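Quick look at input09.txt (compact mmCIF, C-alpha atoms):
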# COMPACT_ATOMS: atom_id res chain seq x y z
CA MET A 1 94.50 26.77 138.08
CA GLN A 2 96.56 29.58 139.52
CA THR A 3 98.87 29.46 136.52
CA LYS A 4 95.92 29.90 134.12
CA ARG A 5 94.64 32.86 136.12
CA LEU A 6 98.10 34.43 136.05
CA PHE A 7 98.37 34.03 132.28
CA GLY A 8 94.85 35.45 131.85
CA ARG A 9 95.69 38.52 133.85
CA LEU A 10 98.90 39.03 131.88
CA ALA A 11 96.99 38.77 128.59
CA ALA A 12 94.41 41.28 129.75
CA ALA A 13 97.14 43.71 130.82
CA CYS A 14 98.90 43.39 127.46
CA LEU A 15 95.64 44.02 125.62
CA PHE A 16 94.97 47.13 127.71
CA LEU A 17 98.49 48.50 127.07
CA THR A 18 98.17 47.83 123.32
CA VAL A 19 94.85 49.73 123.06
CA SER A 20 96.19 52.66 125.11
CA PHE A 21 99.36 52.92 123.01
CA SER A 22 97.35 52.84 119.74
CA ALA A 23 95.06 55.63 120.94
CA ALA A 24 98.04 57.76 121.94
CA GLN A 25 99.67 57.26 118.54
CA ALA A 26 96.46 58.24 116.76
CA GLN A 27 96.31 61.42 118.83
CA VAL A 28 99.91 62.36 118.07
CA ARG A 29 99.51 61.67 114.35
CA ARG A 30 96.34 63.70 114.00
CA PRO A 31 96.85 65.90 110.94
CA THR A 32 97.54 69.56 111.69
CA THR A 33 95.12 72.04 110.17
CA TYR A 34 96.61 75.19 108.70
CA SER A 35 94.82 78.46 108.03
CA THR A 36 93.92 78.87 104.39
CA GLN A 37 92.87 82.48 104.79
CA GLY A 38 94.03 85.17 102.38
CA ARG A 39 97.65 85.89 101.71
CA ARG A 40 97.32 89.09 103.70
CA PRO A 41 95.89 87.96 107.08
CA VAL A 42 94.44 90.49 109.45
CA TYR A 43 95.78 90.96 112.98
CA THR A 44 92.74 89.51 114.67
CA ALA A 45 93.08 85.74 115.11
CA PRO A 46 95.46 84.66 117.90
CA GLN A 47 96.91 81.93 115.66
CA THR A 48 97.97 84.34 112.89
CA ALA A 49 98.89 87.61 114.57
CA ALA A 50 102.39 86.64 115.63
CA SER A 51 103.29 85.20 112.22
CA ASN A 52 102.14 88.05 109.97
CA GLY A 53 105.38 89.97 110.10
CA VAL A 54 105.81 93.56 108.96
CA GLN A 55 103.36 94.83 106.34
CA LEU A 56 103.85 97.92 104.19
CA GLY A 57 101.03 99.92 102.69
CA ILE A 58 99.81 103.04 100.93
CA ARG A 59 97.05 105.35 102.16
CA ALA A 60 95.14 108.23 100.57
CA GLY A 61 91.98 110.11 101.37
CA VAL A 62 90.11 113.33 102.07
CA ASN A 63 90.78 115.99 104.71
CA VAL A 64 88.09 118.27 106.11
CA ALA A 65 90.23 120.83 107.91
CA ASP A 66 89.60 123.81 110.16
CA TRP A 67 91.35 125.96 112.75
CA HIS A 68 90.32 126.18 116.37
CA GLY A 69 90.90 129.46 118.19
CA ASP A 70 91.49 132.92 116.73
CA ALA A 71 91.16 131.71 113.16
CA VAL A 72 89.19 134.69 111.82
CA GLN A 73 91.51 137.21 113.42
CA SER A 74 94.65 135.37 112.31
CA VAL A 75 93.75 134.89 108.64
CA MET A 76 92.34 138.36 108.13
CA SER A 77 95.24 140.05 109.88
CA LEU A 78 97.70 138.09 107.76
CA ALA A 79 95.87 139.33 104.69
CA ASP A 80 95.73 142.92 106.02
CA TYR A 81 91.91 143.02 106.06
CA THR A 82 90.44 143.38 109.53
CA ASN A 83 87.05 145.06 109.00
CA GLY A 84 83.74 143.43 108.39
CA ALA A 85 81.80 140.40 109.61
CA VAL A 86 83.44 137.11 108.70
CA THR A 87 82.34 133.52 109.28
CA ARG A 88 84.62 130.49 109.29
CA GLU A 89 84.17 127.36 107.17
CA THR A 90 86.08 124.13 106.72
CA ARG A 91 88.59 123.64 103.93
CA THR A 92 88.62 120.38 101.94
CA GLY A 93 91.96 118.87 100.94
CA PHE A 94 93.62 115.50 100.63
CA HIS A 95 96.31 113.33 102.20
CA ALA A 96 98.46 110.55 100.76
CA GLY A 97 101.46 108.54 101.90
CA LEU A 98 102.99 105.33 103.17
CA TYR A 99 102.84 103.31 106.38
CA ALA A 100 104.25 100.17 107.99
CA THR A 101 102.31 97.84 110.30
CA LEU A 102 104.42 96.16 113.01
CA PRO A 103 102.54 93.38 114.91
CA LEU A 104 102.80 93.24 118.70
CA GLY A 105 101.27 90.09 120.12
CA GLU A 106 97.88 88.74 119.16
CA ARG A 107 95.68 91.81 118.78
CA PHE A 108 97.97 94.83 118.79
CA ALA A 109 100.23 96.59 116.31
CA ILE A 110 102.30 99.76 115.94
CA GLU A 111 101.88 101.71 112.71
CA PRO A 112 104.27 104.56 111.84
CA GLY A 113 103.59 106.50 108.66
CA VAL A 114 104.54 109.46 106.47
CA LEU A 115 101.83 111.44 104.64
CA TYR A 116 101.50 114.65 102.67
CA SER A 117 98.46 116.43 104.14
CA GLU A 118 96.56 119.61 103.21
CA LYS A 119 95.06 121.65 106.05
CA GLY A 120 93.86 125.18 106.77
CA THR A 121 90.54 126.98 106.96
CA GLN A 122 88.27 129.21 104.89
CA LEU A 123 86.54 132.47 105.75
CA ARG A 124 83.60 134.13 104.02
CA GLY A 125 81.96 137.45 104.64
CA THR A 126 82.07 141.15 103.86
CA ALA A 127 84.95 143.53 104.32
CA SER A 128 86.23 146.90 103.29
CA VAL A 129 88.70 146.36 100.46
CA PRO A 130 90.94 149.07 98.98
CA GLY A 131 89.16 150.46 95.93
CA PHE A 132 85.74 149.29 97.16
CA GLU A 133 85.22 151.35 100.29
CA VAL A 134 81.75 152.44 99.17
CA LEU A 135 80.58 148.94 98.35
CA SER A 136 80.09 145.99 100.66
CA ALA A 137 82.45 143.56 99.02
CA ASN A 138 82.13 139.80 99.30
CA VAL A 139 85.39 138.37 100.55
CA THR A 140 86.72 134.83 100.65
CA ALA A 141 89.96 134.24 102.51
CA THR A 142 91.42 130.73 102.38
CA ALA A 143 94.34 129.63 104.53
CA ARG A 144 96.07 126.87 102.56
CA THR A 145 98.68 124.99 104.55
CA ALA A 146 100.46 121.76 103.62
CA TYR A 147 102.34 119.47 105.98
CA VAL A 148 104.26 116.23 106.03
CA ASP A 149 102.52 114.26 108.80
CA VAL A 150 104.50 111.64 110.72
CA PRO A 151 102.08 109.69 112.95
CA VAL A 152 103.03 106.78 115.23
CA LEU A 153 99.82 104.90 115.91
CA ALA A 154 98.91 102.11 118.30
CA LYS A 155 96.25 99.78 116.85
CA ALA A 156 93.97 97.48 118.86
CA TYR A 157 91.78 94.93 117.04
CA LEU A 158 88.31 94.52 118.51
CA THR A 159 86.95 91.86 116.14
CA ARG A 160 88.14 90.36 112.90
CA GLY A 161 89.21 93.33 110.74
CA LEU A 162 87.80 96.04 113.02
CA TYR A 163 90.33 98.12 114.97
CA LEU A 164 90.79 101.33 116.93
CA TYR A 165 93.90 103.49 116.61
CA ALA A 166 95.45 106.40 118.52
CA GLY A 167 98.80 108.05 118.94
CA PRO A 168 100.96 111.18 118.59
CA GLN A 169 101.74 112.96 115.34
CA ALA A 170 104.42 115.45 114.34
CA SER A 171 103.66 117.61 111.28
CA PHE A 172 106.35 119.50 109.35
CA LEU A 173 105.21 122.62 107.52
CA VAL A 174 105.78 122.54 103.74
CA SER A 175 103.89 125.65 102.66
CA SER A 176 101.45 128.22 104.02
CA LYS A 177 99.52 130.74 101.93
CA VAL A 178 96.43 132.86 102.32
CA ARG A 179 94.37 133.55 99.19
CA VAL A 180 92.00 136.51 99.33
CA ALA A 181 89.36 137.06 96.65
CA ALA A 182 86.94 140.01 96.76
CA GLY A 183 84.20 141.25 94.51
CA ALA A 184 80.93 143.07 94.28
CA LEU A 185 77.84 142.97 92.06
CA GLY A 186 78.81 139.53 90.78
CA PHE A 187 82.29 140.56 89.61
CA THR A 188 85.61 139.41 91.06
CA ALA A 189 87.66 142.56 91.38
CA PHE A 190 90.49 141.43 93.61
CA ARG A 191 92.47 138.25 94.07
CA GLN A 192 95.83 137.87 95.72
CA ASP A 193 97.98 135.21 97.39
CA PHE A 194 100.03 135.95 100.49
CA ASP A 195 102.95 133.73 101.48
CA THR A 196 102.68 133.30 105.24
CA LYS A 197 105.09 130.44 105.85
CA ASN A 198 107.52 132.61 107.83
CA GLN A 199 104.75 133.44 110.32
CA PHE A 200 103.88 129.82 111.17
CA ARG A 201 105.65 127.27 113.32
CA SER A 202 107.67 124.81 111.28
CA VAL A 203 106.54 121.83 113.43
CA ASP A 204 103.04 121.13 114.69
CA PHE A 205 102.09 118.43 117.18
CA ALA A 206 98.75 116.64 117.41
CA ALA A 207 96.96 113.72 119.03
CA VAL A 208 95.18 111.52 116.49
CA GLY A 209 92.64 108.75 116.83
CA GLY A 210 89.94 106.87 114.96
CA LEU A 211 88.76 103.48 113.78
CA GLY A 212 89.11 101.35 110.68
CA TYR A 213 88.41 98.03 109.02
CA GLN A 214 91.01 95.89 107.23
CA PHE A 215 89.82 93.32 104.68
CA ASP A 216 91.63 90.06 103.92
CA SER A 217 92.20 91.29 100.36
CA GLY A 218 94.60 93.96 101.63
CA PHE A 219 92.23 96.91 101.22
CA GLY A 220 91.04 98.87 104.22
CA LEU A 221 88.93 101.85 105.27
CA SER A 222 89.49 104.23 108.16
CA ALA A 223 88.20 107.50 109.60
CA GLY A 224 89.85 109.63 112.24
CA TYR A 225 90.46 113.02 113.80
CA ASP A 226 93.62 115.10 114.21
CA TYR A 227 93.52 117.28 117.32
CA GLY A 228 96.23 119.92 117.04
CA LEU A 229 98.07 120.72 120.28
CA SER A 230 100.42 123.49 119.13
CA SER A 231 99.66 127.12 118.38
CA LEU A 232 100.27 127.75 114.69
CA ASP A 233 101.69 131.26 115.04
CA LYS A 234 105.38 131.23 115.91
CA ASN A 235 105.22 134.83 117.17
CA ASN A 236 102.39 134.04 119.61
CA SER A 237 100.30 136.93 118.30
CA PHE A 238 97.24 134.67 117.99
CA GLN A 239 96.12 131.25 119.17
CA ALA A 240 94.95 128.79 116.51
CA GLN A 241 95.33 125.01 116.26
CA ASN A 242 94.76 122.56 113.43
CA ARG A 243 91.66 120.37 113.47
CA VAL A 244 91.29 117.75 110.73
CA ILE A 245 88.73 115.02 109.99
CA LYS A 246 90.26 112.30 107.80
CA ALA A 247 88.64 109.57 105.70
CA SER A 248 91.10 107.13 104.10
CA LEU A 249 91.41 104.17 101.77
CA ASN A 250 94.49 102.01 102.28
CA TYR A 251 96.11 98.92 100.82
CA SER A 252 98.52 96.61 102.67
CA PHE A 253 100.95 94.31 100.85
So, in terms of structure tokens, how does the structure I just supplied come out?
Amino acid sequence: MQTKRLFGRLAAACLFLTVSFSAAQAQVRRPTTYSTQGRRPVYTAPQTAASNGVQLGIRAGVNVADWHGDAVQSVMSLADYTNGAVTRETRTGFHAGLYATLPLGERFAIEPGVLYSEKGTQLRGTASVPGFEVLSANVTATARTAYVDVPVLAKAYLTRGLYLYAGPQASFLVSSKVRVAAGALGFTAFRQDFDTKNQFRSVDFAAVGGLGYQFDSGFGLSAGYDYGLSSLDKNNSFQAQNRVIKASLNYSF
């Protein structure tokens, strides 16, 4: 009787071990699921961020630029017209260039870039112009500056596709001109361009920030603000800094 009980216990133990081993094998052999998302994954999912690698891209968009500070005084003095009441307006331009996205961990990336960017400001008002002292002439003075922007941005993804960005930017002056147009009684009687590049600093520094959305297709949208930190005049005769609102369309590949 004891021998039968012993064999019964041994059989039960073997059955238990067999079932446990089979369950373990089934767990190990469970098929692995791979992401079938687009060929250009976004840095949002923890499983894909580390494996994306470096992405290159192109970006282009619209600038709405202005100067903060002594903008009226600076532009009008550069153009040799200092009389009259003048109001400041924004100047519309564009930007275009390249960037590289370097992933850092699951939800962060560094994005350096190089862009051609138009900035400046525009003034409208009345002024005394040589040849029109008797008349109140309408004057438009437009400061047209162009830079090569080199931003280094830190990007943080909040949800899938949606991210914030911020970082420093160095801007290298390419050209700087002031165009003055004046007229009276509906006629344009004066128009002249002044080259002012030698009066501006060759390098401008700014803090930039904004937000964007990157689609799985590779296209993306972003909007941001450039807050100039440097005075534009290299002779320190006036204080004016660049301010730029940017709206961009980009494509990563």
Counting all atoms listed in the file, which residues in range 134-187 of chain A sit no more than 12 Å from range 87-100 of chain A? For each one, give the nearest pair of atoms and the distance in Å, sorted by chain then residue number, as a Markdown table.
| residue | atom | partner | partner_atom | distance |
| --- | --- | --- | --- | --- |
| A:Asn138 | CA | A:Thr87 | CA | 11.8 |
| A:Val139 | CA | A:Thr87 | CA | 10.4 |
| A:Thr140 | CA | A:Thr87 | CA | 9.8 |
| A:Ala141 | CA | A:Arg88 | CA | 9.4 |
| A:Thr142 | CA | A:Arg91 | CA | 7.8 |
| A:Ala143 | CA | A:Arg91 | CA | 8.3 |
| A:Arg144 | CA | A:Arg91 | CA | 8.3 |
| A:Thr145 | CA | A:Gly93 | CA | 9.8 |
| A:Ala146 | CA | A:Gly93 | CA | 9.4 |
| A:Tyr147 | CA | A:His95 | CA | 9.4 |
| A:Val148 | CA | A:Gly97 | CA | 9.2 |
| A:Asp149 | CA | A:Gly97 | CA | 9.0 |
| A:Val150 | CA | A:Tyr99 | CA | 9.5 |
| A:Pro151 | CA | A:Tyr99 | CA | 9.2 |
| A:Val152 | CA | A:Tyr99 | CA | 9.5 |
| A:Leu153 | CA | A:Tyr99 | CA | 10.1 |
| A:Ala154 | CA | A:Ala100 | CA | 11.8 |
| A:Lys155 | CA | A:Ala100 | CA | 11.9 |
Inset, instruction - Please work out which residues fall within 9 Å of (87.7, 92.5, 106.9), coordinates as given in the file, with only C-alpha atoms counting, and return them as a PyMOL selection string. - result: chain A and resi 42+160-162+213-220
Legend entry - A:Ser175, A:Gln55, A:Ser237, A:Gln192 ranked by distance to Ile110 in chain A, top pick (using only C-alpha atoms): A:Gln55
Inset, instruction - Considering only C-alpha atoms, return as an MDAnalysis selection string whatever protein or nucleic-acid residues lie within 12 Å of Pro168 in chain A, sequence-local ones (same chain, fewer than 2 positions apart) excluded. - result: chainID A and resid 110:113 149:154 165:166 170:171 204:209 225:229
Inset, instruction - Within 6 Å of Gln241 in chain A, counting only C-alpha atoms, which residues show up once you throw out same-chain ones fewer than 4 positions away? Write them as a VMD selection string, please. - result: chain A and resid 67 to 68 228 231 to 232
